[in-house]
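Trainee: Sharing start.csv (CSV, C-alpha atoms and all ligand atoms) below.
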```
chain,number,residue,atom,x,y,z
A,1,VAL,CA,-41.5,-32.2,54.3
A,2,VAL,CA,-37.8,-32.3,54.7
A,3,VAL,CA,-36.9,-31.4,58.3
A,4,SER,CA,-33.6,-30.0,59.1
A,5,SER,CA,-33.0,-28.5,62.6
A,6,ASP,CA,-36.8,-28.3,62.9
A,7,VAL,CA,-37.2,-26.0,59.9
A,8,PRO,CA,-39.3,-27.5,57.1
A,9,ILE,CA,-37.8,-26.9,53.7
A,10,TYR,CA,-40.5,-26.2,51.2
A,11,PHE,CA,-38.4,-24.4,48.6
A,12,ASN,CA,-34.9,-25.0,47.6
A,13,ASN,CA,-34.7,-22.7,44.7
A,14,PRO,CA,-35.9,-23.6,42.1
A,15,ASN,CA,-37.4,-26.7,43.6
A,16,VAL,CA,-40.7,-26.9,45.5
A,17,ASN,CA,-41.5,-29.8,47.9
A,18,ALA,CA,-44.6,-31.6,46.8
A,19,ALA,CA,-45.5,-32.1,50.4
A,20,ALA,CA,-46.4,-28.4,50.7
A,21,TYR,CA,-49.6,-29.2,48.8
A,22,VAL,CA,-50.6,-32.4,50.6
A,23,ASP,CA,-49.2,-32.4,54.1
A,24,GLN,CA,-51.7,-31.7,56.9
A,25,SER,CA,-49.2,-30.3,59.3
A,26,THR,CA,-48.0,-27.9,56.7
A,27,PHE,CA,-51.6,-26.6,56.3
A,28,GLU,CA,-51.7,-25.9,60.0
A,29,ILE,CA,-48.3,-24.1,60.0
A,30,GLU,CA,-49.7,-22.0,57.1
A,31,MET,CA,-52.7,-21.0,59.2
A,32,ASN,CA,-50.4,-19.7,62.0
A,33,GLU,CA,-47.6,-18.2,60.0
A,34,ILE,CA,-49.3,-16.9,56.9
A,35,TRP,CA,-53.1,-16.4,57.5
A,36,TYR,CA,-52.8,-15.3,61.1
A,37,LYS,CA,-49.7,-13.1,60.7
A,38,GLU,CA,-49.5,-11.6,57.2
A,39,TRP,CA,-51.8,-8.9,55.7
A,40,ILE,CA,-54.9,-10.8,54.4
A,41,TYR,CA,-57.5,-9.4,52.1
A,42,ILE,CA,-60.8,-9.3,53.8
A,43,GLY,CA,-63.3,-7.4,51.6
A,44,HIS,CA,-64.0,-4.2,49.8
A,45,GLU,CA,-65.3,-0.9,51.3
A,46,SER,CA,-68.1,-0.9,48.7
A,47,GLU,CA,-69.5,-4.1,50.3
A,48,VAL,CA,-70.4,-2.0,53.4
A,49,PRO,CA,-71.7,1.2,51.7
A,50,GLU,CA,-73.8,2.6,54.4
A,51,VAL,CA,-73.9,3.1,58.2
A,52,GLY,CA,-74.9,-0.3,59.6
A,53,SER,CA,-73.9,-2.3,56.5
A,54,PHE,CA,-72.3,-5.6,57.4
A,55,CYS,CA,-70.7,-8.4,55.5
A,56,ARG,CA,-69.5,-11.8,56.7
A,57,LYS,CA,-66.0,-12.8,55.6
A,58,GLN,CA,-63.4,-15.4,56.4
A,59,LEU,CA,-59.8,-15.1,57.6
A,60,GLY,CA,-58.2,-18.5,57.3
A,61,MET,CA,-60.4,-20.7,59.5
A,62,LYS,CA,-61.7,-17.7,61.5
A,63,PRO,CA,-65.0,-16.1,60.8
A,64,VAL,CA,-64.9,-12.3,60.6
A,65,LEU,CA,-67.3,-9.4,60.1
A,66,LEU,CA,-66.9,-6.3,58.1
A,67,THR,CA,-69.0,-3.4,59.3
A,68,ARG,CA,-69.5,0.3,58.7
A,69,ASP,CA,-70.2,2.3,61.9
A,70,VAL,CA,-72.0,5.6,62.5
A,71,GLU,CA,-68.8,7.5,62.0
A,72,GLY,CA,-68.6,6.0,58.6
A,73,SER,CA,-65.5,4.0,59.6
A,74,ILE,CA,-64.8,0.4,58.5
A,75,ASN,CA,-64.4,-2.2,61.2
A,76,VAL,CA,-63.3,-5.8,61.1
A,77,PHE,CA,-64.3,-8.0,64.1
A,78,PHE,CA,-64.2,-11.7,64.8
A,79,ASN,CA,-67.7,-13.0,64.1
A,80,SER,CA,-67.8,-14.5,67.6
A,81,CYS,CA,-69.8,-13.4,70.6
A,82,PRO,CA,-67.6,-12.4,73.6
A,83,HIS,CA,-70.1,-14.2,75.8
A,84,LEU,CA,-69.8,-17.9,74.7
A,85,GLY,CA,-68.2,-17.6,71.3
A,86,ASN,CA,-71.4,-18.1,69.3
A,87,MET,CA,-71.3,-16.7,65.7
A,88,VAL,CA,-73.1,-13.4,66.1
A,89,CYS,CA,-74.0,-12.7,62.5
A,90,GLU,CA,-75.2,-15.6,60.3
A,91,LYS,CA,-76.5,-13.5,57.4
A,92,GLU,CA,-73.9,-13.1,54.6
A,93,THR,CA,-74.6,-9.4,54.1
A,94,GLY,CA,-77.1,-6.8,55.1
A,95,ARG,CA,-77.8,-3.6,57.0
A,96,SER,CA,-78.9,-3.2,60.6
A,97,ARG,CA,-78.6,-0.7,63.5
A,98,THR,CA,-77.5,-3.6,65.8
A,99,LEU,CA,-76.0,-7.0,65.6
A,100,ARG,CA,-77.7,-9.4,68.0
A,101,CYS,CA,-76.2,-12.8,69.0
A,102,PRO,CA,-79.0,-15.4,68.5
A,103,TYR,CA,-77.9,-17.5,71.5
A,104,HIS,CA,-78.4,-15.2,74.5
A,105,GLY,CA,-79.4,-11.9,72.8
A,106,TRP,CA,-76.2,-9.9,73.5
A,107,THR,CA,-76.5,-6.9,71.2
A,108,PHE,CA,-73.7,-5.0,69.6
A,109,ALA,CA,-73.4,-1.7,67.7
A,110,PRO,CA,-71.7,-1.6,64.2
A,111,ASP,CA,-68.6,-0.2,66.0
A,112,GLY,CA,-68.5,-3.4,68.0
A,113,HIS,CA,-69.4,-2.1,71.5
A,114,LEU,CA,-71.8,-4.1,73.6
A,115,MET,CA,-75.1,-2.2,73.8
A,116,GLY,CA,-77.1,-4.5,76.1
A,117,VAL,CA,-77.6,-7.9,77.5
A,118,PRO,CA,-80.8,-9.5,78.7
A,119,TYR,CA,-81.2,-9.6,82.6
A,120,PRO,CA,-77.8,-7.8,83.3
A,121,GLU,CA,-78.2,-8.0,87.1
A,122,GLY,CA,-77.2,-11.7,87.0
A,123,PHE,CA,-73.7,-10.8,85.8
A,124,GLY,CA,-73.0,-8.9,89.1
A,125,SER,CA,-71.9,-5.3,89.8
A,126,SER,CA,-68.4,-5.8,88.4
A,127,PHE,CA,-69.7,-6.5,84.9
A,128,VAL,CA,-68.8,-3.5,82.6
A,129,LYS,CA,-70.4,-3.5,79.2
A,130,GLY,CA,-67.3,-1.6,77.8
A,131,ASP,CA,-65.2,-4.7,78.5
A,132,HIS,CA,-67.3,-7.1,76.4
A,133,GLY,CA,-67.4,-5.7,72.9
A,134,LEU,CA,-66.8,-7.7,69.7
A,135,THR,CA,-63.1,-8.5,69.3
A,136,ARG,CA,-61.4,-6.2,66.8
A,137,LEU,CA,-58.7,-7.5,64.6
A,138,PRO,CA,-55.4,-5.9,65.6
A,139,ARG,CA,-54.6,-4.1,62.4
A,140,VAL,CA,-57.0,-3.1,59.6
A,141,ASP,CA,-56.1,-0.8,56.6
A,142,SER,CA,-57.2,-0.3,53.1
A,143,TYR,CA,-55.8,0.6,49.7
A,144,GLY,CA,-58.0,1.6,46.7
A,145,GLY,CA,-61.0,0.4,48.8
A,146,PHE,CA,-59.5,-3.1,49.3
A,147,VAL,CA,-59.6,-3.8,53.0
A,148,PHE,CA,-56.9,-5.9,54.5
A,149,ALA,CA,-56.4,-7.1,58.1
A,150,SER,CA,-53.5,-8.6,60.0
A,151,LEU,CA,-53.6,-10.6,63.3
A,152,ALA,CA,-50.0,-9.5,64.0
A,153,SER,CA,-50.0,-6.4,66.1
A,154,ASP,CA,-46.8,-5.2,64.5
A,155,GLY,CA,-44.9,-5.6,61.3
A,156,PRO,CA,-44.8,-3.8,57.9
A,157,ASP,CA,-47.7,-1.5,57.2
A,158,LEU,CA,-50.1,-2.3,54.4
A,159,VAL,CA,-48.5,-0.1,51.8
A,160,SER,CA,-45.1,-1.7,52.4
A,161,HIS,CA,-46.7,-5.2,52.1
A,162,LEU,CA,-48.4,-4.3,48.8
A,163,GLY,CA,-45.3,-2.5,47.6
A,164,ASN,CA,-45.1,-2.5,43.8
A,165,ALA,CA,-48.7,-3.9,43.7
A,166,CYS,CA,-50.0,-0.5,44.7
A,167,THR,CA,-49.3,0.7,41.2
A,168,ASP,CA,-51.4,-2.1,39.8
A,169,ILE,CA,-54.3,-1.2,42.1
A,170,ASP,CA,-54.0,2.4,40.9
A,171,GLN,CA,-54.1,1.1,37.3
A,172,LEU,CA,-57.4,-0.6,38.1
A,173,CYS,CA,-59.0,2.3,39.9
A,174,ARG,CA,-58.1,4.9,37.2
A,175,MET,CA,-60.3,3.1,34.8
A,176,SER,CA,-63.2,4.7,36.5
A,177,PRO,CA,-63.7,8.4,35.6
A,178,VAL,CA,-63.9,9.0,39.4
A,179,GLY,CA,-61.0,6.7,40.2
A,180,GLU,CA,-62.9,4.1,42.3
A,181,ILE,CA,-64.4,0.6,41.9
A,182,ASP,CA,-67.3,-1.2,43.5
A,183,LEU,CA,-67.6,-4.9,44.2
A,184,THR,CA,-71.4,-4.9,44.3
A,185,ALA,CA,-72.4,-7.1,41.4
A,186,GLY,CA,-72.6,-10.3,43.5
A,187,TRP,CA,-70.4,-13.3,44.0
A,188,LEU,CA,-69.7,-16.6,42.2
A,189,LYS,CA,-68.4,-19.3,44.4
A,190,HIS,CA,-66.4,-22.4,43.4
A,191,GLU,CA,-65.5,-25.1,45.9
A,192,VAL,CA,-62.4,-26.9,44.5
A,193,LYS,CA,-60.7,-30.1,45.5
A,194,SER,CA,-57.3,-28.6,45.5
A,195,ASN,CA,-54.9,-26.8,47.8
A,196,TRP,CA,-55.3,-23.0,47.7
A,197,LYS,CA,-51.7,-22.6,46.4
A,198,ILE,CA,-52.5,-24.5,43.2
A,199,ALA,CA,-55.2,-21.9,42.4
A,200,PHE,CA,-52.8,-19.1,43.4
A,201,GLU,CA,-50.0,-20.4,41.2
A,202,ASN,CA,-52.2,-21.2,38.2
A,203,ASN,CA,-53.5,-17.6,38.0
A,204,ILE,CA,-50.0,-16.3,37.5
A,205,ASP,CA,-49.1,-19.1,35.1
A,206,GLY,CA,-48.6,-17.8,31.6
A,207,TYR,CA,-47.4,-21.1,30.3
A,208,HIS,CA,-50.8,-23.0,30.3
A,209,PRO,CA,-53.4,-20.9,28.5
A,210,THR,CA,-52.6,-22.1,25.0
A,211,ILE,CA,-52.9,-25.7,26.3
A,212,VAL,CA,-55.6,-25.7,28.9
A,213,HIS,CA,-57.8,-23.1,27.2
A,214,ARG,CA,-57.5,-24.4,23.7
A,215,SER,CA,-61.3,-24.7,23.5
A,216,MET,CA,-61.4,-20.9,23.4
A,217,ASN,CA,-59.2,-20.8,20.2
A,218,PRO,CA,-62.2,-20.6,17.8
A,219,LEU,CA,-62.9,-17.2,19.4
A,220,GLU,CA,-59.6,-16.0,18.0
A,221,MET,CA,-58.9,-13.8,21.0
A,222,THR,CA,-55.8,-11.7,20.8
A,223,ILE,CA,-55.1,-12.7,24.4
A,224,PHE,CA,-53.9,-16.1,23.0
A,225,ASP,CA,-51.2,-14.7,20.8
A,226,SER,CA,-50.3,-12.4,23.7
A,227,SER,CA,-49.8,-15.5,26.0
A,228,THR,CA,-46.8,-16.9,24.2
A,229,ASP,CA,-43.2,-16.1,24.0
A,230,LYS,CA,-43.9,-14.1,20.8
A,231,SER,CA,-45.6,-11.5,23.0
A,232,VAL,CA,-43.7,-8.6,24.6
A,233,ALA,CA,-46.1,-8.9,27.6
A,234,GLN,CA,-44.1,-9.6,30.8
A,235,ILE,CA,-44.6,-11.7,33.9
A,236,ARG,CA,-43.3,-9.9,36.9
A,237,TYR,CA,-42.5,-10.8,40.5
A,238,LEU,CA,-43.5,-7.7,42.5
A,239,GLY,CA,-42.1,-8.8,45.8
A,240,ASN,CA,-43.6,-10.1,49.1
A,241,GLY,CA,-45.1,-13.1,47.3
A,242,SER,CA,-47.1,-11.0,44.8
A,243,SER,CA,-46.9,-10.9,41.0
A,244,ASP,CA,-48.5,-9.7,37.9
A,245,VAL,CA,-48.9,-10.3,34.2
A,246,TYR,CA,-47.9,-7.0,32.8
A,247,TRP,CA,-49.8,-6.7,29.5
A,248,VAL,CA,-49.1,-3.1,29.0
A,249,PRO,CA,-46.0,-3.4,26.6
A,250,GLU,CA,-47.9,-5.8,24.4
A,251,TYR,CA,-51.1,-3.8,24.3
A,252,ARG,CA,-49.1,-0.6,23.6
A,253,ARG,CA,-47.2,-2.4,20.8
A,254,LEU,CA,-50.5,-3.6,19.2
A,255,ASN,CA,-51.9,-0.1,20.0
A,256,LYS,CA,-55.6,-1.1,19.8
A,257,GLU,CA,-58.4,-0.1,22.1
A,258,TYR,CA,-60.1,-2.7,24.3
A,259,LEU,CA,-58.0,-5.7,23.5
A,260,TRP,CA,-58.3,-6.6,27.2
A,261,LEU,CA,-62.1,-6.8,26.7
A,262,GLY,CA,-61.8,-9.3,23.8
A,263,GLY,CA,-61.2,-6.5,21.3
A,264,VAL,CA,-64.8,-5.2,21.4
A,265,ALA,CA,-65.6,-2.6,18.8
A,266,PRO,CA,-64.8,0.8,20.5
A,267,GLU,CA,-68.0,2.4,19.3
A,268,LYS,CA,-69.9,0.0,21.6
A,269,LEU,CA,-68.2,1.6,24.5
A,270,GLN,CA,-68.4,5.2,23.2
A,271,GLY,CA,-70.2,6.4,26.3
A,272,TYR,CA,-67.5,5.0,28.6
A,273,SER,CA,-64.6,6.4,26.4
A,274,ASP,CA,-66.3,9.9,26.4
A,275,SER,CA,-66.5,9.8,30.2
A,276,LEU,CA,-62.8,9.0,30.4
A,277,VAL,CA,-61.9,11.9,28.0
A,278,ALA,CA,-64.0,14.2,30.1
A,279,ALA,CA,-62.3,13.1,33.3
A,280,TYR,CA,-58.7,12.7,32.2
A,281,GLY,CA,-58.3,14.4,28.8
A,282,PRO,CA,-57.9,12.5,25.5
A,283,GLU,CA,-54.3,11.4,25.9
A,284,LEU,CA,-54.6,9.7,29.3
A,285,ALA,CA,-58.1,8.4,28.3
A,286,ARG,CA,-56.6,6.6,25.3
A,287,GLU,CA,-53.7,5.2,27.4
A,288,ILE,CA,-56.3,3.8,29.9
A,289,ILE,CA,-58.4,2.2,27.1
A,290,VAL,CA,-55.3,0.6,25.5
A,291,ASP,CA,-53.6,-0.5,28.8
A,292,GLY,CA,-56.7,-1.9,30.4
A,293,PRO,CA,-56.9,-3.3,33.9
A,294,PRO,CA,-54.1,-5.2,35.7
A,295,HIS,CA,-53.7,-9.0,36.2
A,296,THR,CA,-52.3,-9.0,39.7
A,297,ILE,CA,-52.1,-11.6,42.4
A,298,ILE,CA,-51.5,-10.3,45.9
A,299,PHE,CA,-50.1,-12.7,48.5
A,300,PRO,CA,-51.8,-14.8,49.7
A,301,ASN,CA,-55.5,-14.4,48.8
A,302,LEU,CA,-56.4,-11.6,46.4
A,303,PHE,CA,-56.4,-11.9,42.6
A,304,ILE,CA,-57.3,-8.8,40.5
A,305,ALA,CA,-58.1,-10.7,37.3
A,306,GLU,CA,-58.5,-7.8,34.9
A,307,LEU,CA,-62.3,-8.0,34.8
A,308,PHE,CA,-63.1,-9.6,38.1
A,309,VAL,CA,-61.7,-10.1,41.6
A,310,MET,CA,-61.0,-13.6,42.8
A,311,VAL,CA,-60.5,-14.4,46.5
A,312,PHE,CA,-58.8,-17.6,47.6
A,313,GLN,CA,-60.1,-19.2,50.8
A,314,PRO,CA,-58.4,-22.3,52.1
A,315,LEU,CA,-60.8,-24.9,53.6
A,316,ALA,CA,-58.5,-27.9,54.1
A,317,VAL,CA,-55.1,-29.0,52.8
A,318,ASP,CA,-56.8,-30.4,49.7
A,319,ARG,CA,-59.8,-28.1,49.4
A,320,CYS,CA,-60.4,-24.4,48.8
A,321,LEU,CA,-63.1,-22.0,47.9
A,322,LEU,CA,-62.8,-19.4,45.1
A,323,LEU,CA,-65.0,-16.3,45.3
A,324,GLU,CA,-65.3,-14.1,42.3
A,325,SER,CA,-67.1,-10.8,41.7
A,326,PRO,CA,-67.1,-8.7,38.4
A,327,ILE,CA,-65.4,-5.4,38.9
A,328,GLN,CA,-67.8,-2.4,38.6
A,329,TRP,CA,-66.0,0.9,37.9
A,330,LYS,CA,-67.8,3.8,39.5
A,331,GLU,CA,-69.6,6.1,36.9
A,332,ALA,CA,-68.9,3.6,34.1
A,333,PRO,CA,-72.3,1.9,33.5
A,334,VAL,CA,-71.6,1.0,29.8
A,335,LEU,CA,-68.4,-0.8,30.7
A,336,ASN,CA,-70.0,-2.4,33.8
A,337,ARG,CA,-72.9,-4.0,32.0
A,338,ARG,CA,-70.5,-5.6,29.4
A,339,ASN,CA,-68.1,-6.6,32.2
A,340,ILE,CA,-70.8,-8.6,34.1
A,341,LEU,CA,-71.4,-10.6,30.8
A,342,SER,CA,-67.7,-11.0,30.1
A,343,THR,CA,-67.1,-12.3,33.6
A,344,ALA,CA,-70.0,-14.8,33.3
A,345,ALA,CA,-68.6,-15.9,29.9
A,346,SER,CA,-65.2,-16.7,31.3
A,347,ILE,CA,-65.9,-17.9,34.9
A,348,GLY,CA,-69.7,-18.4,35.2
A,349,PRO,CA,-71.3,-21.8,35.3
A,350,ALA,CA,-71.1,-22.1,31.5
A,351,GLY,CA,-67.9,-20.1,31.3
A,352,MET,CA,-65.1,-20.9,29.0
A,353,VAL,CA,-62.1,-20.3,31.3
A,354,LEU,CA,-62.4,-21.3,34.9
A,355,ALA,CA,-64.1,-24.7,34.2
A,356,ASP,CA,-60.9,-25.8,32.4
A,357,ASP,CA,-58.6,-24.3,35.1
A,358,VAL,CA,-60.5,-26.0,38.0
A,359,ALA,CA,-60.3,-29.4,36.3
A,360,ILE,CA,-56.6,-28.9,36.2
A,361,PHE,CA,-56.4,-27.7,39.8
A,362,GLU,CA,-58.1,-31.0,40.9
A,363,ARG,CA,-55.9,-33.2,38.7
A,364,ASN,CA,-52.8,-31.3,39.9
A,365,GLN,CA,-53.9,-32.0,43.5
A,366,ALA,CA,-54.6,-35.7,42.7
A,367,GLY,CA,-51.2,-36.1,41.0
A,368,LEU,CA,-49.3,-34.4,43.8
A,369,ALA,CA,-50.6,-36.9,46.3
A,370,ALA,CA,-48.1,-39.3,44.8
A,371,GLN,CA,-45.3,-37.0,46.0
A,372,GLU,CA,-43.3,-38.5,43.1
A,373,PRO,CA,-41.5,-36.4,42.1
A,374,ALA,CA,-40.9,-35.3,45.7
A,375,TRP,CA,-39.6,-32.0,44.3
A,376,ILE,CA,-41.2,-30.0,41.5
A,377,ALA,CA,-38.7,-28.0,39.4
A,378,ARG,CA,-39.8,-24.4,38.9
A,379,ILE,CA,-36.9,-23.8,36.4
A,380,ARG,CA,-38.7,-22.1,33.5
A,381,GLY,CA,-37.1,-18.8,32.5
A,382,MET,CA,-34.4,-18.9,35.2
A,383,ASP,CA,-31.7,-17.7,32.8
A,384,ARG,CA,-33.7,-14.9,31.2
A,385,GLU,CA,-35.3,-13.0,34.0
A,386,VAL,CA,-34.2,-9.5,34.8
A,387,GLU,CA,-34.2,-7.6,38.0
A,388,GLU,CA,-35.2,-4.0,37.6
A,389,ALA,CA,-34.2,-1.0,39.8
A,390,SER,CA,-37.7,-1.1,41.5
A,391,GLY,CA,-36.9,-4.6,42.7
A,392,ILE,CA,-39.4,-6.1,40.3
A,393,ILE,CA,-38.1,-9.3,38.6
A,394,SER,CA,-39.5,-9.5,35.0
A,395,SER,CA,-39.4,-12.2,32.5
A,396,SER,CA,-41.2,-13.7,29.5
A,397,ILE,CA,-44.9,-14.3,30.1
A,398,THR,CA,-44.5,-18.1,30.1
A,399,ASP,CA,-41.9,-18.2,32.8
A,400,ASP,CA,-41.9,-19.4,36.4
A,401,THR,CA,-40.6,-16.1,37.8
A,402,PRO,CA,-43.7,-15.4,39.9
A,403,HIS,CA,-43.6,-18.9,41.3
A,404,ARG,CA,-40.0,-18.7,42.4
A,405,GLY,CA,-41.0,-15.4,44.0
A,406,PHE,CA,-44.0,-16.8,45.7
A,407,TRP,CA,-42.1,-19.8,47.1
A,408,SER,CA,-39.2,-17.8,48.4
A,409,HIS,CA,-41.6,-15.5,50.2
A,410,TYR,CA,-43.6,-18.5,51.5
A,411,GLN,CA,-40.4,-20.2,52.8
A,412,LYS,CA,-39.5,-16.9,54.6
A,413,VAL,CA,-42.8,-16.4,56.3
A,414,MET,CA,-43.2,-20.1,57.2
A,415,ASN,CA,-39.8,-20.1,58.8
A,416,ARG,CA,-40.4,-17.0,60.8
B,501,FE,FE,-56.1,-20.8,33.1
```
Mind converting the file's structure to structure tokens?
Mentor:
Amino acid sequence: VVVSSDVPIYFNNPNVNAAAYVDQSTFEIEMNEIWYKEWIYIGHESEVPEVGSFCRKQLGMKPVLLTRDVEGSINVFFNSCPHLGNMVCEKETGRSRTLRCPYHGWTFAPDGHLMGVPYPEGFGSSFVKGDHGLTRLPRVDSYGGFVFASLASDGPDLVSHLGNACTDIDQLCRMSPVGEIDLTAGWLKHEVKSNWKIAFENNIDGYHPTIVHRSMNPLEMTIFDSSTDKSVAQIRYLGNGSSDVYWVPEYRRLNKEYLWLGGVAPEKLQGYSDSLVAAYGPELAREIIVDGPPHTIIFPNLFIAELFVMVFQPLAVDRCLLLESPIQWKEAPVLNRRNILSTAASIGPAGMVLADDVAIFERNQAGLAAQEPAWIARIRGMDREVEEASGIISSSITDDTPHRGFWSHYQKVMNR
């Protein structure tokens, strides 16, 4: 990392310092400046559906716990006992009236307050249970059911952080006739020998599919033709590090239903189409079926990948965990059944997409270890991107516009 007056330079537009992927001290700065200050995606409200539901999650290197209390509110705590720091909850997910630390039996309610301790007299008369609850994360908020938390006690609110990405989440939710999604179909997990940023950047890289995913070509999926410069689909930098692939113009130009679902015959999803018509009327229902779900990556760890959600979890400078769950649209059983299969076909153990991507993530990490070139040039599309009135910068789908956006935001927060 180039150091000038103690400020590391990771991005000198359009060049990215290779050290950002391989340097241990950079990983530690990221933890403090990104993961422990920015809004970070934690989990989805549907993962804690009932009073007492809990779910273990991770925020950077810190274990956290998502719970739903008796008031029906969502809470996010550190999964760490205020007594001696033991992890309170070991189970990944479940439902219980109390959370009991397995070390000395301190017991907490789903709203985090300390209910009881064994042999309390030993702590003396000044011991007040109200002072020893689970530690709540300073800020927790949600949008479209997606729960985010920030360890910074002040700063922009969640909607400001999401900015233009709110519209993408709306586009996702409106695909349910009742406007909500569930993440309840279970999780795939992939441990990958690459820096988390390689996974982030690949998922907004419209330049690689026709190369890396060539083995899918025999399926003759429309998505391939749409992933070239012949397509009118756009790649867009939405601001605050987040981006999307905006398929809508291409899908509207082709004007066919369900292209985003591999062009499945519409009659196979008749029940779903009917429920959309009943909920929204024929015009909007048709628009939803043509437009499909968004392909949106929200800085730094949430990827809404059309059919599934992927969460990026850093483990070390050269290791990360990817967690994926098929999206389940509320009151859309016909679509949901198909989507579980489609997700498995693309990212499951025998899937056609993620296996190829992950091989590239690991080769990318291995190659970057050379740090030669010391700077990577993110130059593609520099002279054809357009800034819109909304602040969105859009370009051809194969361009590096999202990457320049990601790195400029990264540099800003790392220097804070
Ligand atoms: Fe890919």
Trainee: Enumerate as a PyMOL selection string the residues within 12 Å of ligand FE 501 (chain B), counting only C-alpha atoms and all ligand atoms.
Mentor: chain A and resi 198-216+223-224+227+305+346-347+351-361
Trainee: If you keep C-alpha atoms, can you produce a file of those selected residues as a CSV table (one decimal), in the frame of the given file?
Mentor:
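Below is the file that was written, part33.csv:
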```csv
chain,number,residue,atom,x,y,z
A,198,ILE,CA,-52.5,-24.5,43.2
A,199,ALA,CA,-55.2,-21.9,42.4
A,200,PHE,CA,-52.8,-19.1,43.4
A,201,GLU,CA,-50.0,-20.4,41.2
A,202,ASN,CA,-52.2,-21.2,38.2
A,203,ASN,CA,-53.5,-17.6,38.0
A,204,ILE,CA,-50.0,-16.3,37.5
A,205,ASP,CA,-49.1,-19.1,35.1
A,206,GLY,CA,-48.6,-17.8,31.6
A,207,TYR,CA,-47.4,-21.1,30.3
A,208,HIS,CA,-50.8,-23.0,30.3
A,209,PRO,CA,-53.4,-20.9,28.5
A,210,THR,CA,-52.6,-22.1,25.0
A,211,ILE,CA,-52.9,-25.7,26.3
A,212,VAL,CA,-55.6,-25.7,28.9
A,213,HIS,CA,-57.8,-23.1,27.2
A,214,ARG,CA,-57.5,-24.4,23.7
A,215,SER,CA,-61.3,-24.7,23.5
A,216,MET,CA,-61.4,-20.9,23.4
A,223,ILE,CA,-55.1,-12.7,24.4
A,224,PHE,CA,-53.9,-16.1,23.0
A,227,SER,CA,-49.8,-15.5,26.0
A,305,ALA,CA,-58.1,-10.7,37.3
A,346,SER,CA,-65.2,-16.7,31.3
A,347,ILE,CA,-65.9,-17.9,34.9
A,351,GLY,CA,-67.9,-20.1,31.3
A,352,MET,CA,-65.1,-20.9,29.0
A,353,VAL,CA,-62.1,-20.3,31.3
A,354,LEU,CA,-62.4,-21.3,34.9
A,355,ALA,CA,-64.1,-24.7,34.2
A,356,ASP,CA,-60.9,-25.8,32.4
A,357,ASP,CA,-58.6,-24.3,35.1
A,358,VAL,CA,-60.5,-26.0,38.0
A,359,ALA,CA,-60.3,-29.4,36.3
A,360,ILE,CA,-56.6,-28.9,36.2
A,361,PHE,CA,-56.4,-27.7,39.8
```
Trainee: Would you mind telling me which residue in A:Val88, A:Val277, A:Ile42, A:Leu162 lies nearest to Gly133 of chain A when using all atoms listed in the file?
Mentor: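 Comparing A:Val88, A:Val277, A:Ile42, A:Leu162 against Gly133 of chain A, the winner is A:Val88.
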Trainee: Got a sec to check which residues sit within 10 Å of (-75.2, -15.6, 74.1), counting only C-alpha atoms, and write them as a list of chain:residue names?
Mentor: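 Residues with an atom close enough to that point: A:Ser80, A:Cys81, A:Pro82, A:His83, A:Leu84, A:Gly85, A:Asn86, A:Met87, A:Val88, A:Arg100, A:Cys101, A:Pro102, A:Tyr103, A:His104, A:Gly105, A:Trp106, A:Thr107, A:Val117, A:Pro118.
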Trainee: Counting only C-alpha atoms, which residue out of A:Ala185, A:Asn13, A:Phe77, A:Pro314 sits closest to Glu28 of chain A?
Mentor: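 Smallest separation from Glu28 of chain A among the options: A:Pro314.
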Trainee: Just checking: using all atoms listed in the file, which residue out of A:Ala152, A:Ser142, A:Glu387, A:Ser46 ends up closest to Lys330 of chain A?
Mentor: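 Distance minimum relative to Lys330 of chain A lands on A:Ser46.
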Trainee: Which distance in Å separates atom CA of Gly145 of chain A and atom CA of Tyr41 of chain A, to one decimal?
Mentor: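 Atom-to-atom, atom CA of Gly145 of chain A to atom CA of Tyr41 of chain A, that is 10.9 Å.
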Trainee: Within 8 Å of Ala369 of chain A, counting only C-alpha atoms, which residues qualify if same-chain residues fewer than 3 places away don't, as JSON, numbers by chain?
Mentor: {"A": [22, 365, 366]}
Trainee: Please compute the atom CA of Lys256 of chain A-atom CA of Val309 of chain A distance, one decimal, in Å.
Mentor: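 Rounded to one decimal, the two atoms are 24.4 Å apart.
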Trainee: Could you name the residues that touch segment 233-247 of chain A at 8 Å or less, counting all atoms listed in the file, but leaving out those on the same chain fewer than 5 positions away, as number ranges by chain?
Mentor: A: 161-165, 204, 206, 226-227, 291, 294-300, 391-399, 401-402, 405-410
Trainee: Just give me the residues with any atom within 12 Å of (-45.1, -6.0, 66.5), file coordinates, counting all atoms listed in the file, written as a list in words.
Mentor: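 Residues with an atom at most 12 Å from (-45.1, -6.0, 66.5): Lys37, Glu38, Pro138, Arg139, Ser150, Leu151, Ala152, Ser153, Asp154, Gly155, Pro156 and Asp157 of chain A.
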Trainee: Please report the interatomic distance between atom CA of Val311 of chain A and atom CA of Ser160 of chain A in Å with one decimal.
Mentor: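 That distance, rounded to one decimal, is 20.8 Å.
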Trainee: So that I can see what lies close to Tyr280 of chain A, please list as a PyMOL selection string the residues with an atom at most 12 Å from it, counting all atoms listed in the file and leaving out residues fewer than 2 positions away in the same chain.
Mentor: chain A and resi 174-179+273-278+282-289
Trainee: Tell me, as a list of chain:residue names, which residues lie within 8 Å of segment 259-272 of chain A, counting all atoms listed in the file; anything in the same chain fewer than 3 positions away does not count.
Mentor: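 Everything that qualifies: A:Met221, A:Thr222, A:Ile223, A:Tyr251, A:Lys256, A:Ser275, A:Leu276, A:Val290, A:Asp291, A:Gly292, A:Pro293, A:Glu306, A:Ala332, A:Pro333, A:Val334, A:Leu335, A:Ser342.
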